[in-house]
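First comes the structure, then the notes that go with it.
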Amino acid sequence: MIKRLTFAFVFILLPSIIFTGCDQLGHNNSPGKPKLVIGIVVDQMRYDYLTRYINKYGKGGFKRLLKEGFSCRDAEYNYVPTYTAPGHTSIYTGTTPSVHGMIANEWFDRKLNRMSYCVEDTATKTVGSTSNEGAMSPRKELTSTIGDQLKLSDNGMSKVIGISQKDRASILPAGHSANAAYWLDGLSGNWITSTYYMKELPAWVKSFNAEGRAQKYLSQPWTTLLPIEEYTESMKDDNPYEGLYKGEKSPVFPHDLPALMGQNGGCELIKTTPFGDDITTDFAIETIKNEKMGKGSVTDMLTISYSSTDYIGHMYGTLAIETEDTYLRLDRDLSRLLLFLDDYLGKDNVLIFLTADHGAALNPQYLEDQNIPAGYADNWQIVSRIKQYLIQKYGSELLLEFTNQQCYFDRKKIAEKGINMDTLEKEVALVAAKCDGVERAIPAYLIDDCGNDFIAKKIRNGYYPGRSGDVIINLLPQYIIYGKTGTTHGAPYIYDAHVPMIFYGGMVKSGASDEEEPITNIAPTVADLMHVSYPDGCTGHPVKLIK
Ligand code: ZN
Ligand code: ZN
């Protein structure tokens with residue numbers, strides 16, 4: 001008997017133990033670890049911006065990442081709504097809002113009885129400006145990020161830092177135990193942070209701010225990088241589908257930034273110009289140098305999110321010369337960053353991934369003018385029809401908030417009146433489903449039982465009990481709740497969900513794959529390459545891409 005057990009241990013159990021041990025190390029484990037990991041998120045970058053402008057890109061930016069790196073050509077968001085906070089969080093936690101809790105940029109907080117911003121934190125204060133733009137933290141992000149896992153792997157020796165013009169796009173990727181997260185204060189044009197991370201800005205950040213670089217970038221007009229007639233991938237410059245800076249009469253080049261600053265929030269204006277991405281690159285390079293990232297004995301991690309692409313996309317739409325010019329300039333920024341890294345660490349010592357937090361719809365009015373199905377849903381129509389119904393049926397509005405296409409009902413009043421909540425949700429969903437542009441409306445009590453098509457699955461993955469609303473509305477393809485110029489995002493459809501996913505660095509083979517990769521696969525892939533555990537809520541799986 002003992003002999004048999006020994007045999008079983010050696011020949012059956014032992015190999016399985018060894019095998020399991022190897023498997024836990026992950027698919028992408030290679031002997032070395034990167035010295036520096038850089039996550040790059042381009043806010044609102046549709047997948048087709050890679051291909052649409054390819055002939056205009058230089059050799060050193062997007063083209064270099066595609067040529068030398070590994071591109072997942074069918075990477076897609078696997079939940080809805082496709083907004084900035086959930087996007088960045090899902091990339092770095094490897095899971096969906098149903099687990100990490102970031103259901104939107106802001107939502108109705110039932111405890112506070114008001115709208116609440118995803119990174120607001122009244123227990124913190126701004127560091128680096130007199131504004132209150134810095135009273136932020138990642139406390140509402142409910143799981144760990146890959147940066148957190150990196151710090152847990154070596155008793156906090158690794159440096160993890162987040163950078164973006166947007167607070168949420170800096171804070172949420174960097175995670176809970178980050179050394180710092182910096183974002184751009186519109187009032188002063190300074191890079192600021194929160195007392196969550198530190199009491200005072202490092203001396204090098206103070207000197208960077210003292211240079212007044214945002215003001216310098218805004219001291220010249222925005223003209224096109226190439227002769228304007230070469231922007232053949234975009235619509236003509238003057239068209240009715242684009243928004244305007246305050247003080248401009250038509251959406252055409254050159255944009256006189258010095259003259260526009262006064263009416264457009266001072267330094268805040270830089271965010272809606274490509275120079276917001278330039279200053280982000282400047283600051284990222286300074287961060288790496290001054291914090292000596294990648295120069296120690298452990299792996300460091302920098303998260304960069306480029307936001308001007310989103311601000312400009314919202315204002316001008318996806319087919320504007322302004323948008324194309326922004327991507328051509330971002331391409332140069334990427335080239336500059338890669339060249340700096342070649343020199344500073346060498347390609348073999350870095351791991352970079354580039355993706356986006358969501359895409360964007362085309363301007364629906366433009367599509368309608370081309371006879372393509374599209375349109376606008378009317379927030380006011382939806383809310384007023386719901387309220388009208390509730391007053392008629394129950395003698396009271398009972399609707400506390402309608403936001404992110406979700407209804408938040410007054411649960412206290414509903415209980416006091418003895419109304420059955422499920423019945424009310426179902427009735428309101430029927431009313432909402434009849435509104436213009438609405439594809440379906442789902443009562444929250446049916447969330448686990450609302451079908452298995454891709455939209456139902458994405459709605460389920462985006463639903464977090466306690467934060468999400470009581471009725472969830474989905475619009476028809478290319479329908480948005482937005483003004484007639486520019487565009488927005490948030491839908492489950494491919495134009496908002498399909499984004500670039502590129503890995504690059506010494507450990508990554510060059511190539512491409514057409515396998516479907518949900519966005520939640522980035523975090524476990526990067527965790528594998530850093531030899532750290534997957535983030536706590538991770539539901540993704542690693543992409544196979546090592547040499
Ligand atoms: Zn975004
Ligand atoms: Zn946006």
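Following the order of the structure tokens, first chain is A, next is B, and so on, with residues numbered from 1 inside each chain and ligands from 1 in the order they appear.
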>> Env of region 184-189 of chain A: 10 Å cut, atoms = only C-alpha atoms, seq-sep filter 4 positions within chain, self excluded. Answer as number ranges by chain.
In response: A: 126, 128-134, 163-167, 170, 193, 209-210, 212-215, 265-271, 276, 279-280
Take the residues that were just selected and, keeping C-alpha atoms, output them as a PDB file, in the first residue's frame.
```pdb
ATOM      1  CA  THR A 126      -5.050  69.482  -3.502  1.00  0.00           C
ATOM      2  CA  GLY A 128       0.251  72.011  -6.015  1.00  0.00           C
ATOM      3  CA  SER A 129      -2.578  74.481  -6.641  1.00  0.00           C
ATOM      4  CA  THR A 130      -5.077  76.643  -4.783  1.00  0.00           C
ATOM      5  CA  SER A 131      -7.933  74.992  -6.698  1.00  0.00           C
ATOM      6  CA  ASN A 132      -9.830  72.004  -5.304  1.00  0.00           C
ATOM      7  CA  GLU A 133      -9.066  69.938  -8.423  1.00  0.00           C
ATOM      8  CA  GLY A 134      -6.793  67.721  -6.358  1.00  0.00           C
ATOM      9  CA  ILE A 163       0.073  60.676 -15.386  1.00  0.00           C
ATOM     10  CA  SER A 164      -2.800  62.206 -17.339  1.00  0.00           C
ATOM     11  CA  GLN A 165      -4.435  65.554 -17.928  1.00  0.00           C
ATOM     12  CA  LYS A 166      -7.579  63.973 -16.418  1.00  0.00           C
ATOM     13  CA  ASP A 167      -7.547  63.125 -12.722  1.00  0.00           C
ATOM     14  CA  SER A 170      -4.201  59.173 -13.784  1.00  0.00           C
ATOM     15  CA  THR A 193      -1.750  65.715  -7.014  1.00  0.00           C
ATOM     16  CA  ASN A 209       5.485  73.823 -13.179  1.00  0.00           C
ATOM     17  CA  ALA A 210       7.536  76.982 -12.696  1.00  0.00           C
ATOM     18  CA  GLY A 212       4.929  77.773 -17.365  1.00  0.00           C
ATOM     19  CA  ARG A 213       5.001  75.275 -20.216  1.00  0.00           C
ATOM     20  CA  ALA A 214       1.208  75.178 -20.659  1.00  0.00           C
ATOM     21  CA  GLN A 215       1.182  78.956 -21.187  1.00  0.00           C
ATOM     22  CA  GLY A 265     -10.817  78.827 -19.221  1.00  0.00           C
ATOM     23  CA  GLY A 266      -7.202  80.048 -19.536  1.00  0.00           C
ATOM     24  CA  CYS A 267      -4.806  77.115 -19.377  1.00  0.00           C
ATOM     25  CA  GLU A 268      -7.812  74.771 -19.393  1.00  0.00           C
ATOM     26  CA  LEU A 269      -7.809  75.388 -23.170  1.00  0.00           C
ATOM     27  CA  ILE A 270      -4.687  73.247 -23.625  1.00  0.00           C
ATOM     28  CA  LYS A 271      -6.787  70.127 -22.969  1.00  0.00           C
ATOM     29  CA  GLY A 276      -2.203  68.810 -24.071  1.00  0.00           C
ATOM     30  CA  ILE A 279       2.864  68.475 -22.386  1.00  0.00           C
ATOM     31  CA  THR A 280       1.804  65.031 -21.126  1.00  0.00           C
TER      32      THR A 280
END
```
> Can you list, as a PyMOL selection string, every residue of region 51-235 of chain A that DSSP puts in alpha helix (DSSP H)?
Replying inline: chain A and resi 51-52+62-68+84-93+97-100+146-153+167-174+203-210+213-217
> What does the distance between CA of Ile228 (chain A) and CA of Ala320 (chain A) come to in Å, to one decimal place?
Replying inline: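 Computed distance, CA of Ile228 (chain A) to CA of Ala320 (chain A), equals 11.7 Å.
Near ligand 2, the residues found within 9 Å are Asp43, Gln44, Tyr83, Thr84, Ser307, Thr309, Asp310, Tyr311, Gly313, His314, His358, Gly359, Ala360, Thr487, Thr488, His489 and Gly490 of chain A (criterion computed using only C-alpha atoms and all ligand atoms).
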> From the list A:Ile146, A:Gly60, A:Gly175, A:Gly483, which residue is nearest Asp528 (chain A) when using only C-alpha atoms?
Replying inline: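 Among the listed residues, the smallest separation from Asp528 (chain A) belongs to A:Ile146.
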>> Quick check, in Å to one decimal: how far apart do CA of Asp496 (chain A) and CA of Val508 (chain A) lie?
In response: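 Between CA of Asp496 (chain A) and CA of Val508 (chain A) the gap works out to 27.4 Å.
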>> Set the distance at 12 Å and use only C-alpha atoms: which residues neighbour Gly469 (chain A) once local chain neighbours fewer than 3 positions away are removed? I'd like the list as a PyMOL selection string.
In response: chain A and resi 103-104+107-110+399-411+425+429+441-445+447+459+462-466+472-473
>> Under the rule that only C-alpha atoms and all ligand atoms are counted, which of A:Leu362, A:Leu260, A:Ile312, A:Leu338 is the nearest residue to ligand 1?
In response: A:Ile312
>> To one decimal place in Å, what is the distance between CA of Val37 (chain A) and CA of Ala527 (chain A)?
In response: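 Computing the Euclidean distance for CA of Val37 (chain A) and CA of Ala527 (chain A) yields 10.3 Å.
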> From the set A:Leu319, A:Ile519, A:Ala356, A:Leu142, which residue has the shortest atom-to-atom contact distance to ligand 1, counting only C-alpha atoms and all ligand atoms?
Replying inline: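 Ranking A:Leu319, A:Ile519, A:Ala356, A:Leu142 by distance to ligand 1, first place goes to A:Ala356.
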>> Taking 5 positions as the minimum chain separation for residues in the same chain, which residues sit within 10 Å of Tyr53 (chain A) when counting only C-alpha atoms? Answer as a PyMOL selection string.
In response: chain A and resi 48+231-234+324-325+327-328
Writing out the chosen residues with all heavy atoms as a JSON list (two decimals), in the first residue's frame:
```json
[["chain", "number", "residue", "atom", "x", "y", "z"],
["A", 48, "ASP", "N", -9.93, 52.12, -35.77],
["A", 48, "ASP", "CA", -9.65, 52.51, -37.16],
["A", 48, "ASP", "C", -8.75, 53.75, -37.29],
["A", 48, "ASP", "O", -8.31, 54.06, -38.40],
["A", 48, "ASP", "CB", -10.94, 52.66, -37.97],
["A", 48, "ASP", "CG", -11.83, 53.79, -37.52],
["A", 48, "ASP", "OD1", -11.48, 54.49, -36.56],
["A", 48, "ASP", "OD2", -12.90, 53.98, -38.14],
["A", 231, "TYR", "N", -4.90, 66.54, -45.83],
["A", 231, "TYR", "CA", -5.73, 65.81, -44.86],
["A", 231, "TYR", "C", -6.93, 65.16, -45.58],
["A", 231, "TYR", "O", -8.09, 65.43, -45.28],
["A", 231, "TYR", "CB", -6.17, 66.75, -43.74],
["A", 231, "TYR", "CG", -5.04, 67.10, -42.80],
["A", 231, "TYR", "CD1", -3.99, 67.92, -43.22],
["A", 231, "TYR", "CD2", -5.00, 66.60, -41.51],
["A", 231, "TYR", "CE1", -2.93, 68.23, -42.38],
["A", 231, "TYR", "CE2", -3.95, 66.91, -40.65],
["A", 231, "TYR", "CZ", -2.92, 67.72, -41.09],
["A", 231, "TYR", "OH", -1.88, 68.02, -40.25],
["A", 232, "THR", "N", -6.61, 64.29, -46.52],
["A", 232, "THR", "CA", -7.65, 63.72, -47.37],
["A", 232, "THR", "C", -8.49, 62.65, -46.65],
["A", 232, "THR", "O", -9.51, 62.23, -47.16],
["A", 232, "THR", "CB", -7.00, 63.08, -48.61],
["A", 232, "THR", "OG1", -5.89, 62.28, -48.17],
["A", 232, "THR", "CG2", -6.48, 64.14, -49.57],
["A", 233, "GLU", "N", -8.05, 62.22, -45.48],
["A", 233, "GLU", "CA", -8.81, 61.22, -44.71],
["A", 233, "GLU", "C", -9.97, 61.88, -43.94],
["A", 233, "GLU", "O", -10.79, 61.19, -43.35],
["A", 233, "GLU", "CB", -7.90, 60.51, -43.70],
["A", 233, "GLU", "CG", -6.78, 59.70, -44.32],
["A", 233, "GLU", "CD", -5.61, 60.55, -44.79],
["A", 233, "GLU", "OE1", -5.59, 61.77, -44.50],
["A", 233, "GLU", "OE2", -4.72, 60.02, -45.47],
["A", 234, "SER", "N", -10.00, 63.22, -43.92],
["A", 234, "SER", "CA", -10.98, 63.94, -43.11],
["A", 234, "SER", "C", -11.92, 64.76, -43.99],
["A", 234, "SER", "O", -11.66, 64.99, -45.16],
["A", 234, "SER", "CB", -10.25, 64.86, -42.13],
["A", 234, "SER", "OG", -9.39, 64.09, -41.31],
["A", 324, "GLU", "N", -7.68, 64.41, -36.97],
["A", 324, "GLU", "CA", -6.55, 63.80, -37.68],
["A", 324, "GLU", "C", -5.23, 64.45, -37.26],
["A", 324, "GLU", "O", -4.24, 63.76, -36.96],
["A", 324, "GLU", "CB", -6.74, 63.92, -39.21],
["A", 324, "GLU", "CG", -5.59, 63.30, -39.98],
["A", 324, "GLU", "CD", -5.83, 63.20, -41.48],
["A", 324, "GLU", "OE1", -6.93, 63.55, -41.94],
["A", 324, "GLU", "OE2", -4.91, 62.76, -42.20],
["A", 325, "ASP", "N", -5.24, 65.77, -37.20],
["A", 325, "ASP", "CA", -4.01, 66.48, -36.83],
["A", 325, "ASP", "C", -3.57, 66.10, -35.41],
["A", 325, "ASP", "O", -2.37, 65.96, -35.14],
["A", 325, "ASP", "CB", -4.24, 68.00, -36.91],
["A", 325, "ASP", "CG", -2.94, 68.76, -36.89],
["A", 325, "ASP", "OD1", -2.12, 68.56, -37.82],
["A", 325, "ASP", "OD2", -2.71, 69.53, -35.93],
["A", 327, "TYR", "N", -4.00, 63.21, -33.95],
["A", 327, "TYR", "CA", -3.36, 61.88, -33.99],
["A", 327, "TYR", "C", -1.99, 61.93, -34.65],
["A", 327, "TYR", "O", -1.07, 61.21, -34.24],
["A", 327, "TYR", "CB", -4.30, 60.85, -34.64],
["A", 327, "TYR", "CG", -5.29, 60.35, -33.62],
["A", 327, "TYR", "CD1", -6.50, 60.99, -33.42],
["A", 327, "TYR", "CD2", -4.97, 59.29, -32.77],
["A", 327, "TYR", "CE1", -7.39, 60.59, -32.43],
["A", 327, "TYR", "CE2", -5.85, 58.88, -31.77],
["A", 327, "TYR", "CZ", -7.05, 59.53, -31.61],
["A", 327, "TYR", "OH", -7.90, 59.13, -30.61],
["A", 328, "LEU", "N", -1.82, 62.78, -35.68],
["A", 328, "LEU", "CA", -0.50, 62.90, -36.31],
["A", 328, "LEU", "C", 0.51, 63.48, -35.31],
["A", 328, "LEU", "O", 1.67, 63.07, -35.27],
["A", 328, "LEU", "CB", -0.56, 63.77, -37.56],
["A", 328, "LEU", "CG", -1.49, 63.30, -38.68],
["A", 328, "LEU", "CD1", -1.28, 64.11, -39.94],
["A", 328, "LEU", "CD2", -1.30, 61.81, -38.98]]
```
Name all residues at most 12 Å from Ala361 (chain A) (count only C-alpha atoms; drop same-chain ones fewer than 3 positions away) and give them as a tab-separated table (two decimals) with C-alpha atoms, in the first residue's frame.
```tsv
chain	number	residue	atom	x	y	z
A	44	GLN	CA	-11.33	57.85	-27.27
A	45	MET	CA	-9.01	56.13	-29.78
A	46	ARG	CA	-11.11	54.06	-32.18
A	48	ASP	CA	-9.65	52.51	-37.16
A	82	THR	CA	-17.91	52.62	-22.46
A	313	GLY	CA	-13.04	64.07	-30.43
A	314	HIS	CA	-16.04	65.31	-28.43
A	316	TYR	CA	-14.98	68.03	-33.53
A	317	GLY	CA	-16.09	64.42	-34.08
A	318	THR	CA	-14.26	61.51	-35.64
A	319	LEU	CA	-13.88	62.84	-39.20
A	358	HIS	CA	-13.30	53.42	-25.53
A	364	PRO	CA	-25.22	61.03	-36.17
A	365	GLN	CA	-26.35	64.09	-38.14
A	366	TYR	CA	-23.57	63.44	-40.68
A	367	LEU	CA	-24.64	59.78	-40.96
A	374	ALA	CA	-28.40	57.12	-36.86
A	375	GLY	CA	-30.00	59.71	-34.63
A	376	TYR	CA	-30.38	61.44	-31.31
A	476	LEU	CA	-30.05	51.96	-31.05
A	477	PRO	CA	-26.73	51.80	-32.96
A	478	GLN	CA	-25.33	55.27	-33.69
A	479	TYR	CA	-27.95	56.97	-31.51
A	480	ILE	CA	-26.51	59.28	-28.85
A	481	ILE	CA	-27.78	61.64	-26.19
A	482	TYR	CA	-25.63	64.64	-27.13
A	485	THR	CA	-21.96	68.86	-33.25
A	486	GLY	CA	-19.04	66.61	-32.34
A	487	THR	CA	-19.72	63.22	-30.83
A	488	THR	CA	-19.68	61.00	-27.76
A	489	HIS	CA	-19.30	57.38	-26.64
A	490	GLY	CA	-20.78	54.96	-24.10
A	491	ALA	CA	-22.53	52.32	-26.24
A	492	PRO	CA	-21.95	48.53	-26.44
A	493	TYR	CA	-21.55	48.72	-30.24
A	494	ILE	CA	-18.31	48.13	-32.12
A	495	TYR	CA	-17.52	51.81	-32.83
A	496	ASP	CA	-17.29	52.44	-29.07
A	497	ALA	CA	-15.95	49.01	-28.10
A	498	HIS	CA	-13.23	48.18	-30.68
```
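Restricting the calculation to only C-alpha atoms and all ligand atoms, the smallest distance between ligand 1 and any of A:Gly418, A:Pro86, A:Gly262, A:Gly505 is found for A:Pro86.
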